[in-house]
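Below is one structure, written out as structure tokens; the observations come after it.
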Amino acid sequence: MTEQSALRVGTGAVAITTATVLPVFLLGALSVQIGDELGFDPAALGVVVSAYFGVSALVSLPVGKLVERLGSRRTSRIALVGAAIAMLLTAGLARSFGAVVAIVLIGAWTNVMGQLSTNLTLARAMPRARLGLSFGVKQACVPLATLLAGLAVPAVGLTVGWRWAYVIAAGFALLGLVLAPRGADPEERSGDRTADRATVALAVIGGAAGLGAASSTGLSIFLVASAVDGGVAPGLAGLVLTLGSVVAVVMRMVHGWLADRRAGGHITVVAACLLLGAAGVVLLALPGSVALIVGTVLGFGLGWSWPGLLQFAVVRLNPTAPAAATAVVQVGVYAGGCLGPVGFGLLATHLSFAAAWVVAAVAMLAAGAGVLVGRRMLLRHRAAAASRREVAAAS
């Protein structure tokens, strides 16, 4: 692969991932303006976001198999067009809370397909020496989407209206069709060799990652609403969200760069990020702008910096079917995205935002511990597989 083609693949992965995840984060960043017009509170916002990730969890495994079967060239473009249509429908037809829910449910699959198709493209097209960095850059697109959503609050939402933010984002998704890389054709895929995957260990890691995702999703979705509730102006709250997103973008790329220079231990680093990130999340329960800024930087910089590293580790362990393997972990991540927002929204509505942040920090601590348990199971699985190969070779 030439440097130019590697750059094209990476640029396309950034465009696809950002465009397909942008709809849900726009909803969170613009929640104050959308809620004022359509009449829903944080609990209702949590229901909408939870519905989005709930559908994502349900379709993750079948979409992963579909991506392996059709190839990433087709599926990445299908995802971009689907995301653009969903955002245009939101801008034009979201006149009630029920309409928002319906559009979210219809468009949730586009994020899943965008994520898994880019996983397959990177696994097939990127040189091994840059695979970790490419996954770090690709997953940096998620906080990049949050960054763009945060900027949309003062730049668009508070000026010409929140609906135009969705129109602009839809145009960005269609632009992604031009930037999308060639991808993998169906005939380039490998078979879905389930026996080669430590499925139970991956499921445990996915469940733990789901707890981390539940906390992280609350961080990105409710940070603006929480800050406004604490007396911060909406524009400033959007800028704080932007700051946290910048830190997350940088840290995800740093993790990927370092992963290419390590022989292993990637899952242990994921666990450490979750355990340390919980300290930043709990700071958000404290009053004052200093706690808000420090908690946001730590919560995003550590507690939300691990997804690219985790996907990289899974792809390295499962090179025969990277989309299908990462889909197993993504089920847990999306399930966390489903349960986290509704739980956070209910806690914030019936107790307080401070109580919700404390619970989110505890969930992040549990996630770090769970990832370590899954890692131990994975090591046992690999040792047993190596022993079976030795016996087969000797017989």
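Here, A, B, ... name the chains of the structure tokens in the order displayed, residue numbers run from 1 inside each chain, and ligands are numbered from 1 in the same displayed order.
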Region 207-273 of chain A residues near region 6-27 of chain A within 10 Å, closest pair each, using only C-alpha atoms, as a tab-separated table:
```
residue	atom	partner	partner_atom	distance
A:Thr217	CA	A:Phe25	CA	9.2
A:Ser220	CA	A:Phe25	CA	7.4
A:Ile221	CA	A:Phe25	CA	6.6
```
Residues at most 6 Å from region 43-57 of chain A, counting only C-alpha atoms, excluding those fewer than 6 positions away in the same chain, as a ChimeraX atom specification?
/A:101,104-105,108-109,331,334-335,337-339,341-342,345-346
Skipping near chain neighbours, those fewer than 3 positions away, what residues fall within 12 Å of Phe353 (chain A) using only C-alpha atoms, listed as an mmCIF file with C-alpha atoms, in the first residue's frame?
```cif
data_model
loop_
_atom_site.group_PDB
_atom_site.id
_atom_site.type_symbol
_atom_site.label_atom_id
_atom_site.label_comp_id
_atom_site.auth_asym_id
_atom_site.auth_seq_id
_atom_site.Cartn_x
_atom_site.Cartn_y
_atom_site.Cartn_z
ATOM 1 C CA PRO A 42 -34.018 14.901 30.150
ATOM 2 C CA ALA A 43 -35.862 11.642 30.862
ATOM 3 C CA GLY A 218 -24.326 10.049 29.456
ATOM 4 C CA LEU A 219 -21.229 12.236 29.438
ATOM 5 C CA PHE A 222 -26.226 15.151 29.099
ATOM 6 C CA LEU A 223 -23.183 17.321 29.755
ATOM 7 C CA VAL A 224 -24.768 20.415 28.212
ATOM 8 C CA ALA A 225 -28.112 19.911 29.967
ATOM 9 C CA SER A 226 -26.346 19.258 33.288
ATOM 10 C CA ALA A 227 -24.190 22.373 32.976
ATOM 11 C CA VAL A 228 -27.204 24.531 32.070
ATOM 12 C CA ASP A 229 -29.067 23.093 35.067
ATOM 13 C CA GLY A 230 -26.126 24.191 37.221
ATOM 14 C CA VAL A 281 -16.930 11.616 35.887
ATOM 15 C CA VAL A 282 -17.512 11.893 39.628
ATOM 16 C CA LEU A 283 -16.118 15.459 39.553
ATOM 17 C CA LEU A 284 -19.094 16.453 37.409
ATOM 18 C CA ALA A 285 -21.290 15.892 40.451
ATOM 19 C CA LEU A 286 -19.542 18.763 42.224
ATOM 20 C CA PRO A 287 -20.609 22.417 41.800
ATOM 21 C CA GLY A 343 -31.068 5.503 33.339
ATOM 22 C CA PHE A 344 -29.139 8.754 33.504
ATOM 23 C CA GLY A 345 -32.159 10.729 32.346
ATOM 24 C CA LEU A 346 -34.414 9.154 34.963
ATOM 25 C CA LEU A 347 -31.876 9.756 37.733
ATOM 26 C CA ALA A 348 -31.391 13.367 36.642
ATOM 27 C CA THR A 349 -35.141 13.984 36.460
ATOM 28 C CA HIS A 350 -36.218 12.294 39.697
ATOM 29 C CA ALA A 356 -26.636 10.601 38.054
ATOM 30 C CA TRP A 357 -22.953 11.453 37.695
ATOM 31 C CA VAL A 358 -22.052 9.468 40.832
ATOM 32 C CA VAL A 359 -23.873 6.392 39.498
ATOM 33 C CA ALA A 360 -22.130 6.839 36.133
#
```
So, counting only C-alpha atoms, which residue among A:Leu122, A:Ala354, A:Leu309, A:Ala324 is closest to Val254 (chain A)?
A:Leu309
